[in-house]
Protein chains: 2
Amino acid sequence: MSNKKVLVQARGITRSKERIREENELIILIAAEKVFAKHGLKGSTTKQIADMAKLPKSNIHYYFHTKLNLYRCVLESILVDWMRAADTFNKFDEPREALKYYVDAKMNLSRTRPFGSKVWANEIISGAPEMEEVLSSRLKKWVDTCVSSINRWIELKKIVNVGDAHTLLYMIWATTQHYADFDYQVMILNNGKKLTDSEFEEKKQQVIDLVLRSVGLNP
Amino acid sequence: MSNKKVLVQARGITRSKERIREENELIILIAAEKVFAKHGLKGSTTKQIADMAKLPKSNIHYYFHTKLNLYRCVLESILVDWMRAADTFNKFDEPREALKYYVDAKMNLSRTRPFGSKVWANEIISGAPEMEEVLSSRLKKWVDTCVSSINRWIELKKIVNVGDAHTLLYMIWATTQHYADFDYQVMILNNGKKLTDSEFEEKKQQVIDLVLRSVGLNP
DNA sequence: AAAATTTTTGACCATTTGGTCAGGTTATAT
DNA sequence: ATATAACCTGACCAAATGGTCAAAAATTTT
């Protein structure tokens, strides 16, 4: 019996069944994201996830059936946040605004959801066995519209001709995600201390400036 | 009995013992690098590595004793190449040259040794349990000298003031390694086709130009 | 050519792992 | 209040895994 449940019952309150499912699925998803981030799909064990969630292992299987299914659910839940950040790119006509807000959104995501970024990174590094379809359909489509925007900016001479627009996009992805995926390395090179919020804000602004200058815009 | 051995013996030639060890260790290291790149340390099995090397599992243990030791050897062997590329940065006084040749070297490494880059990425993502010391000693020292160079360029007004020099360094690392670590994603977004050599050369030049412009240099 | 050394490998083992299941508990509908 | 449905979990299992070992085969040394 969980501590939470004991507390709740001591007050004579009962959790509704719907709430129970909702709560536990969220607890497990959050725990799984951390464990998958650190060890990848194959390297993570359901026992580790259960311990992280402070639930018995059987409970994980009760809610998500298999480890692979839980993994897919984690990826899916990350995708939601990811696509929301992606939207910002097409909200602005001017490259200066679009790039600035997109980099800002991506950096914030790296700060607030580093484990999610790591799970994605692991998935892609290992050949995207579970995300192949998402990549070649949803992501491809989104990238194509971005590429069009960038190419239009180039035609209108609003930014420098970068050659292939993908190269710019990859630079933005890689640079912003670096602060999530390689946060441990960043910490070590920051004299062993995690970046403070204000240090992170500084870095964010610097990244924005680097990106703007890289396409010939004066920040 | 391996095919190779049969061939060799059919010609009445015997391999020297030293050569045997050298050869097999290399075969295993190359196989292990591929498997570790795809599944990480915990997710890779000695059986997978053995199959990839086309050797019996016992043979892996004969040469490297444990999986962890083999993993460390793989990391060590990657580090050699990695540090060689790093040297190019300090070979030039002018930022234009230094940045150009460093990005060039890093991009070439991503092209020729993608699996090594992935193993490193996995190691850092999972908190660098085996490479902590290397990171905080060798890498830290190298980064410090780079940061000094960059800061000097800024003082001499040879490049724009980028704020923290680390930010620039991270952008270069992230962007160049993206072509190794996320090669699968790059392929999908390149209409499912691997980048050809000439396409890769184009990308490389575009990355160099982006980096140079990002610090205010006209490529 | 015989002894010593190194390499090779199948058989084996203890442990770990993902997953099942029966039986108990808790909440909800009637 | 009782029946039904949902939730919970310890005990269990078959398969996979890292690693061992003894004995055979190949090579080098004497």
# chains A, B, ... in the order shown; residues from 1 in each chain; ligands from 1
$ closest_atom_pairs --of "chain B" --to "chain A" --cutoff "8 Å" --atoms "only C-alpha atoms" --output "CSV"
residue,atom,partner,partner_atom,distance
B:Ala37,CA,A:Ser126,CA,7.0
B:Lys38,CA,A:Ser126,CA,4.3
B:His39,CA,A:Ser126,CA,6.3
B:Gly40,CA,A:Gly40,CA,7.3
B:Leu41,CA,A:Gly43,CA,7.6
B:Lys42,CA,A:Gly43,CA,4.7
B:Gly43,CA,A:Gly43,CA,4.1
B:Ser44,CA,A:Gly43,CA,7.9
B:Lys118,CA,A:Ile125,CA,6.6
B:Ala121,CA,A:Phe182,CA,7.8
B:Asn122,CA,A:Asn122,CA,7.2
B:Ile124,CA,A:Phe182,CA,6.0
B:Ile125,CA,A:Asp181,CA,5.5
B:Ser126,CA,A:Lys38,CA,4.3
B:Gly127,CA,A:Tyr184,CA,5.8
B:Ala128,CA,A:Tyr184,CA,7.4
B:Leu135,CA,A:Ile188,CA,7.2
B:Ser136,CA,A:Ile188,CA,6.1
B:Lys140,CA,A:Leu189,CA,6.0
B:Val143,CA,A:Leu189,CA,7.9
B:Val162,CA,A:Gln206,CA,6.4
B:Gly163,CA,A:Gln206,CA,6.5
B:Asp164,CA,A:Lys203,CA,7.5
B:Thr167,CA,A:Lys203,CA,6.6
B:Leu168,CA,A:Leu210,CA,7.8
B:Tyr170,CA,A:Thr175,CA,6.8
B:Met171,CA,A:Thr175,CA,5.0
B:Ala174,CA,A:Ala174,CA,5.0
B:Thr175,CA,A:Met171,CA,5.0
B:His178,CA,A:Ala174,CA,6.1
B:Asp181,CA,A:Ile125,CA,5.4
B:Phe182,CA,A:Ile125,CA,5.7
B:Asp183,CA,A:Ile125,CA,7.8
B:Tyr184,CA,A:Gly127,CA,5.8
B:Gln185,CA,A:Ile124,CA,6.7
B:Ile188,CA,A:Ser136,CA,6.1
B:Leu189,CA,A:Lys140,CA,6.0
B:Lys203,CA,A:Thr167,CA,6.6
B:Gln206,CA,A:Val162,CA,6.4
B:Val207,CA,A:Thr167,CA,6.8
B:Asp209,CA,A:Ser214,CA,7.7
B:Leu210,CA,A:Ser214,CA,4.7
B:Val211,CA,A:Ser214,CA,6.3
B:Leu212,CA,A:Ser214,CA,7.3
B:Arg213,CA,A:Ser214,CA,4.6
B:Ser214,CA,A:Ser214,CA,3.9
B:Val215,CA,A:Leu210,CA,6.8
B:Gly216,CA,A:Arg213,CA,6.8
$ residues_around --residues "DC8 of chain D" --least-positions-apart "3" --cutoff "12 Å" --atoms "only C-alpha atoms (C1' of nucleotides)" --output "list in words"
Met1, Ser2, Ile20, Asn24, Leu55, Pro56, Lys57, Ser58, Asn59, Ile60, His61, Tyr62 and Tyr63 of chain A; DG23, DG24, DT25 and DT26 of chain C
$ write_last_selection --atoms "C-alpha atoms (C1' of nucleotides)" --output "PDB file, in the first residue's frame"
ATOM      1  CA  MET A   1       0.000   0.000   0.000  1.00  0.00           C
ATOM      2  CA  SER A   2       1.517   3.307  -1.047  1.00  0.00           C
ATOM      3  CA  ILE A  20      -5.961   6.266  -9.792  1.00  0.00           C
ATOM      4  CA  ASN A  24      -0.268   5.999 -11.749  1.00  0.00           C
ATOM      5  CA  LEU A  55       5.639   0.750  -7.285  1.00  0.00           C
ATOM      6  CA  PRO A  56       5.861  -3.023  -7.542  1.00  0.00           C
ATOM      7  CA  LYS A  57       7.008  -4.356 -10.870  1.00  0.00           C
ATOM      8  CA  SER A  58       3.694  -6.079 -11.538  1.00  0.00           C
ATOM      9  CA  ASN A  59       2.040  -2.711 -11.378  1.00  0.00           C
ATOM     10  CA  ILE A  60       4.077  -1.482 -14.339  1.00  0.00           C
ATOM     11  CA  HIS A  61       2.871  -4.426 -16.365  1.00  0.00           C
ATOM     12  CA  TYR A  62      -0.674  -3.940 -15.171  1.00  0.00           C
ATOM     13  CA  TYR A  63      -0.801  -0.443 -16.660  1.00  0.00           C
TER      14      TYR A  63
ATOM     15  C1'  DG C  23      -5.934 -14.367  -5.154  1.00  0.00           C
ATOM     16  C1'  DG C  24      -6.519 -10.394  -2.348  1.00  0.00           C
ATOM     17  C1'  DT C  25      -8.120  -5.370  -1.794  1.00  0.00           C
ATOM     18  C1'  DT C  26     -10.617  -1.230  -3.025  1.00  0.00           C
TER      19       DT C  26
END
$ closest_atom_pairs --of "chain C" --to "chain B" --cutoff "8 Å" --atoms "only C-alpha atoms (C1' of nucleotides)" --output "JSON lines"
{"residue": "C:DT6", "atom": "C1'", "partner": "B:Lys17", "partner_atom": "CA", "distance": 7.3}
{"residue": "C:DT8", "atom": "C1'", "partner": "B:Asn59", "partner_atom": "CA", "distance": 7.2}
{"residue": "C:DT9", "atom": "C1'", "partner": "B:Ser58", "partner_atom": "CA", "distance": 6.8}
$ interface_residues --of "chain D" --to "chain B" --cutoff "10 Å" --atoms "only C-alpha atoms (C1' of nucleotides)" --output "list in words"
DA16, DT17, DG18, DG19, DT20, DA25, DA26, DT27 and DT28 of chain D
$ select_by_dssp --residues "segment 81-199 of chain B" --states "helix (DSSP H, G or I)" --output "PyMOL selection string"
chain B and resi 81-91+95-112+114-125+132-155+165-181+183-189+197-199
$ residues_around --residues "Ile30 of chain A" --least-positions-apart "6" --cutoff "12 Å" --atoms "only C-alpha atoms (C1' of nucleotides)" --output "list in words"
Glu23, Asn24, Phe36, Ala37, Ile49, Ala50, Met52, Ala53, Lys54, Leu70, Tyr71, Cys73, Val74, Leu75, Ser77, Ile78, Arg113, Pro114, Phe115, Gly116 and Val119 of chain A
$ write_last_selection --atoms "all heavy atoms" --output "compact mmCIF listing (two decimals), in the first residue's frame"
# COMPACT_ATOMS: atom_id res chain seq x y z
N GLU A 23 -3.26 8.99 -12.40
CA GLU A 23 -2.10 9.29 -11.55
C GLU A 23 -0.97 8.30 -11.75
O GLU A 23 0.17 8.68 -11.97
CB GLU A 23 -2.51 9.25 -10.07
CG GLU A 23 -2.94 10.58 -9.49
CD GLU A 23 -3.29 10.43 -8.02
OE1 GLU A 23 -2.67 9.58 -7.34
OE2 GLU A 23 -4.18 11.15 -7.55
N ASN A 24 -1.31 7.02 -11.67
CA ASN A 24 -0.27 6.00 -11.75
C ASN A 24 0.39 5.94 -13.12
O ASN A 24 1.60 5.74 -13.23
CB ASN A 24 -0.84 4.64 -11.37
CG ASN A 24 -1.01 4.51 -9.87
OD1 ASN A 24 -0.43 5.29 -9.12
ND2 ASN A 24 -1.80 3.55 -9.45
N PHE A 36 14.80 5.22 -19.10
CA PHE A 36 15.11 5.05 -20.51
C PHE A 36 16.16 6.05 -20.97
O PHE A 36 17.01 5.74 -21.81
CB PHE A 36 13.84 5.19 -21.36
CG PHE A 36 12.92 4.01 -21.32
CD1 PHE A 36 11.55 4.18 -21.23
CD2 PHE A 36 13.41 2.72 -21.41
CE1 PHE A 36 10.68 3.09 -21.19
CE2 PHE A 36 12.56 1.61 -21.38
CZ PHE A 36 11.19 1.81 -21.26
N ALA A 37 16.10 7.27 -20.43
CA ALA A 37 17.07 8.29 -20.80
C ALA A 37 18.49 7.83 -20.46
O ALA A 37 19.43 8.07 -21.20
CB ALA A 37 16.77 9.61 -20.10
N ILE A 49 12.54 0.69 -13.45
CA ILE A 49 11.44 1.64 -13.63
C ILE A 49 10.48 1.55 -12.45
O ILE A 49 10.04 2.57 -11.91
CB ILE A 49 10.69 1.35 -14.97
CG1 ILE A 49 11.64 1.61 -16.14
CG2 ILE A 49 9.45 2.22 -15.08
CD1 ILE A 49 11.13 1.11 -17.47
N ALA A 50 10.19 0.33 -12.03
CA ALA A 50 9.30 0.14 -10.89
C ALA A 50 9.88 0.80 -9.63
O ALA A 50 9.18 1.51 -8.91
CB ALA A 50 9.07 -1.35 -10.65
N MET A 52 12.05 3.23 -9.48
CA MET A 52 12.02 4.69 -9.66
C MET A 52 10.61 5.22 -9.39
O MET A 52 10.45 6.30 -8.82
CB MET A 52 12.46 5.03 -11.09
CG MET A 52 12.51 6.50 -11.41
SD MET A 52 13.92 7.35 -10.68
CE MET A 52 15.26 6.80 -11.75
N ALA A 53 9.61 4.47 -9.79
CA ALA A 53 8.22 4.90 -9.60
C ALA A 53 7.70 4.55 -8.21
O ALA A 53 6.58 4.91 -7.84
CB ALA A 53 7.32 4.25 -10.66
N LYS A 54 8.52 3.82 -7.44
CA LYS A 54 8.11 3.36 -6.11
C LYS A 54 6.81 2.56 -6.16
O LYS A 54 5.88 2.78 -5.38
CB LYS A 54 7.99 4.53 -5.13
CG LYS A 54 9.34 5.14 -4.80
CD LYS A 54 9.24 6.33 -3.90
CE LYS A 54 10.62 6.95 -3.69
NZ LYS A 54 10.58 8.27 -3.05
N LEU A 70 5.41 0.52 -23.05
CA LEU A 70 5.69 1.67 -22.17
C LEU A 70 6.67 2.63 -22.85
O LEU A 70 6.48 3.85 -22.82
CB LEU A 70 6.28 1.17 -20.85
CG LEU A 70 6.80 2.22 -19.88
CD1 LEU A 70 5.75 3.27 -19.57
CD2 LEU A 70 7.27 1.55 -18.58
N TYR A 71 7.68 2.06 -23.48
CA TYR A 71 8.67 2.87 -24.20
C TYR A 71 8.01 3.70 -25.29
O TYR A 71 8.27 4.90 -25.42
CB TYR A 71 9.73 1.94 -24.78
CG TYR A 71 10.81 2.62 -25.59
CD1 TYR A 71 11.78 3.41 -24.97
CD2 TYR A 71 10.89 2.45 -26.97
CE1 TYR A 71 12.78 4.00 -25.70
CE2 TYR A 71 11.90 3.04 -27.71
CZ TYR A 71 12.84 3.82 -27.07
OH TYR A 71 13.83 4.42 -27.80
N CYS A 73 4.94 4.65 -25.40
CA CYS A 73 4.12 5.68 -24.76
C CYS A 73 4.98 6.86 -24.32
O CYS A 73 4.57 8.02 -24.44
CB CYS A 73 3.37 5.10 -23.56
SG CYS A 73 2.05 3.95 -24.02
N VAL A 74 6.16 6.56 -23.80
CA VAL A 74 7.07 7.63 -23.39
C VAL A 74 7.44 8.48 -24.61
O VAL A 74 7.35 9.72 -24.57
CB VAL A 74 8.35 7.06 -22.73
CG1 VAL A 74 9.41 8.13 -22.56
CG2 VAL A 74 8.01 6.43 -21.38
N LEU A 75 7.83 7.83 -25.69
CA LEU A 75 8.19 8.56 -26.91
C LEU A 75 7.02 9.42 -27.39
O LEU A 75 7.20 10.60 -27.75
CB LEU A 75 8.59 7.58 -28.02
CG LEU A 75 9.99 6.96 -27.91
CD1 LEU A 75 10.18 5.91 -28.99
CD2 LEU A 75 11.07 8.03 -28.02
N SER A 77 4.59 10.66 -25.66
CA SER A 77 4.33 11.80 -24.79
C SER A 77 5.37 12.90 -24.98
O SER A 77 5.08 14.08 -24.81
CB SER A 77 4.29 11.33 -23.33
OG SER A 77 5.45 11.69 -22.63
N ILE A 78 6.58 12.50 -25.34
CA ILE A 78 7.61 13.50 -25.61
C ILE A 78 7.29 14.24 -26.91
O ILE A 78 7.47 15.45 -27.02
CB ILE A 78 9.00 12.83 -25.72
CG1 ILE A 78 9.38 12.18 -24.39
CG2 ILE A 78 10.05 13.84 -26.13
CD1 ILE A 78 10.47 11.16 -24.50
N ARG A 113 12.88 19.53 -19.98
CA ARG A 113 12.62 18.09 -20.21
C ARG A 113 13.84 17.39 -20.79
O ARG A 113 13.77 16.80 -21.89
CB ARG A 113 11.42 17.94 -21.14
CG ARG A 113 10.67 16.68 -20.86
CD ARG A 113 9.33 16.57 -21.53
NE ARG A 113 8.78 15.25 -21.25
CZ ARG A 113 7.65 14.80 -21.78
NH1 ARG A 113 6.94 15.55 -22.57
NH2 ARG A 113 7.22 13.59 -21.48
N PRO A 114 14.94 17.43 -20.04
CA PRO A 114 16.17 16.83 -20.58
C PRO A 114 16.06 15.32 -20.80
O PRO A 114 16.63 14.79 -21.75
CB PRO A 114 17.21 17.15 -19.50
CG PRO A 114 16.43 17.34 -18.25
CD PRO A 114 15.12 17.95 -18.68
N PHE A 115 15.31 14.64 -19.92
CA PHE A 115 15.21 13.19 -20.06
C PHE A 115 14.49 12.81 -21.35
O PHE A 115 14.88 11.86 -22.03
CB PHE A 115 14.50 12.58 -18.86
CG PHE A 115 15.21 12.84 -17.56
CD1 PHE A 115 14.63 13.63 -16.57
CD2 PHE A 115 16.47 12.33 -17.35
CE1 PHE A 115 15.30 13.87 -15.38
CE2 PHE A 115 17.15 12.58 -16.16
CZ PHE A 115 16.56 13.35 -15.18
N GLY A 116 13.47 13.58 -21.68
CA GLY A 116 12.76 13.31 -22.92
C GLY A 116 13.68 13.43 -24.11
O GLY A 116 13.70 12.57 -24.99
N VAL A 119 15.90 10.41 -24.35
CA VAL A 119 15.22 9.21 -24.87
C VAL A 119 15.15 9.28 -26.39
O VAL A 119 15.44 8.31 -27.09
CB VAL A 119 13.82 9.06 -24.26
CG1 VAL A 119 13.09 7.87 -24.88
CG2 VAL A 119 13.88 8.88 -22.76
$ atom_distance --atom1 "atom CA of Asn151 of chain A" --atom2 "atom CA of Pro95 of chain A"
10.8 Å
$ closest_residue --among "A:Met131, A:Asp104, A:Val147, A:Leu29" --to "Asn90 of chain A" --atoms "only C-alpha atoms"
A:Val147
$ residues_around --residues "DC13 of chain D" --least-positions-apart "4" --cutoff "12 Å" --atoms "only C-alpha atoms (C1' of nucleotides)" --output "CSV table (one decimal) with all heavy atoms, in the first residue's frame"
chain,number,residue,atom,x,y,z
C,17,DT,P,18.6,-7.4,-14.2
C,17,DT,OP1,19.2,-6.2,-14.8
C,17,DT,OP2,18.0,-7.2,-12.9
C,17,DT,O5',17.4,-7.9,-15.2
C,17,DT,C5',17.8,-8.2,-16.5
C,17,DT,C4',16.6,-8.8,-17.2
C,17,DT,O4',16.4,-10.2,-16.8
C,17,DT,C3',15.3,-8.1,-16.9
C,17,DT,O3',15.0,-7.3,-18.0
C,17,DT,C2',14.3,-9.2,-16.7
C,17,DT,C1',15.1,-10.5,-16.9
C,17,DT,N1,14.8,-11.5,-15.9
C,17,DT,C2,14.3,-12.7,-16.4
C,17,DT,O2,14.1,-13.0,-17.5
C,17,DT,N3,14.0,-13.6,-15.4
C,17,DT,C4,14.3,-13.5,-14.0
C,17,DT,O4,14.0,-14.4,-13.2
C,17,DT,C5,14.8,-12.2,-13.6
C,17,DT,C7,15.1,-11.9,-12.2
C,17,DT,C6,15.0,-11.3,-14.6
C,18,DG,P,13.6,-6.3,-18.0
C,18,DG,OP1,13.9,-5.1,-18.8
C,18,DG,OP2,13.2,-6.1,-16.6
C,18,DG,O5',12.6,-7.2,-18.7
C,18,DG,C5',12.7,-7.5,-20.1
C,18,DG,C4',11.6,-8.4,-20.5
C,18,DG,O4',11.6,-9.6,-19.7
C,18,DG,C3',10.2,-7.8,-20.4
C,18,DG,O3',9.4,-8.2,-21.6
C,18,DG,C2',9.7,-8.3,-19.1
C,18,DG,C1',10.3,-9.7,-19.0
C,18,DG,N9,10.6,-10.1,-17.6
C,18,DG,C8,11.1,-9.3,-16.6
C,18,DG,N7,11.3,-10.0,-15.5
C,18,DG,C5,10.8,-11.3,-15.8
C,18,DG,C6,10.7,-12.4,-15.0
C,18,DG,O6,11.1,-12.5,-13.8
C,18,DG,N1,10.2,-13.5,-15.7
C,18,DG,C2,9.8,-13.5,-17.0
C,18,DG,N2,9.4,-14.6,-17.5
C,18,DG,N3,9.9,-12.4,-17.8
C,18,DG,C4,10.4,-11.4,-17.1
C,19,DG,P,8.0,-7.6,-21.8
C,19,DG,OP1,7.6,-7.7,-23.2
C,19,DG,OP2,7.8,-6.3,-21.1
C,19,DG,O5',7.1,-8.7,-21.0
C,19,DG,C5',7.2,-10.1,-21.5
C,19,DG,C4',6.5,-11.0,-20.5
C,19,DG,O4',7.2,-11.0,-19.2
C,19,DG,C3',5.1,-10.6,-20.1
C,19,DG,O3',4.2,-11.5,-20.6
C,19,DG,C2',5.1,-10.5,-18.6
C,19,DG,C1',6.3,-11.4,-18.2
C,19,DG,N9,6.8,-11.0,-16.9
C,19,DG,C8,7.4,-9.9,-16.5
C,19,DG,N7,7.8,-9.9,-15.3
C,19,DG,C5,7.5,-11.2,-14.8
C,19,DG,C6,7.7,-11.8,-13.6
C,19,DG,O6,8.2,-11.4,-12.6
C,19,DG,N1,7.2,-13.1,-13.6
C,19,DG,C2,6.7,-13.7,-14.7
C,19,DG,N2,6.3,-15.0,-14.5
C,19,DG,N3,6.5,-13.2,-15.9
C,19,DG,C4,6.9,-11.9,-15.9
C,20,DT,P,2.6,-11.4,-20.4
C,20,DT,OP1,2.0,-11.9,-21.6
C,20,DT,OP2,2.3,-10.1,-19.8
C,20,DT,O5',2.4,-12.5,-19.3
C,20,DT,C5',2.9,-13.8,-19.4
C,20,DT,C4',2.4,-14.7,-18.3
C,20,DT,O4',3.1,-14.3,-17.1
C,20,DT,C3',0.9,-14.7,-18.0
C,20,DT,O3',0.5,-16.0,-17.9
C,20,DT,C2',0.9,-13.9,-16.6
C,20,DT,C1',2.2,-14.3,-16.0
C,20,DT,N1,2.8,-13.3,-15.0
C,20,DT,C2,3.1,-13.7,-13.8
C,20,DT,O2,2.9,-14.8,-13.4
C,20,DT,N3,3.6,-12.7,-13.0
C,20,DT,C4,3.9,-11.4,-13.3
C,20,DT,O4,4.4,-10.6,-12.5
C,20,DT,C5,3.6,-11.1,-14.7
C,20,DT,C7,3.8,-9.7,-15.1
C,20,DT,C6,3.0,-12.0,-15.5
C,21,DC,P,-1.1,-16.3,-18.0
C,21,DC,OP1,-1.2,-17.6,-18.7
C,21,DC,OP2,-1.8,-15.1,-18.4
C,21,DC,O5',-1.5,-16.6,-16.4
C,21,DC,C5',-0.5,-17.2,-15.6
C,21,DC,C4',-0.9,-17.1,-14.2
C,21,DC,O4',-0.2,-16.1,-13.4
C,21,DC,C3',-2.4,-16.8,-14.0
C,21,DC,O3',-3.0,-17.6,-12.9
C,21,DC,C2',-2.4,-15.4,-13.6
C,21,DC,C1',-1.2,-15.3,-12.7
C,21,DC,N1,-0.6,-14.0,-12.5
C,21,DC,C2,0.0,-13.6,-11.3
C,21,DC,O2,0.1,-14.5,-10.5
C,21,DC,N3,0.6,-12.4,-11.2
C,21,DC,C4,0.5,-11.5,-12.2
C,21,DC,N4,1.0,-10.3,-12.0
C,21,DC,C5,-0.2,-11.8,-13.4
C,21,DC,C6,-0.7,-13.0,-13.6
$ atom_distance --atom1 "atom CA of Ser149 of chain A" --atom2 "atom CA of Asp93 of chain A"
8.4 Å
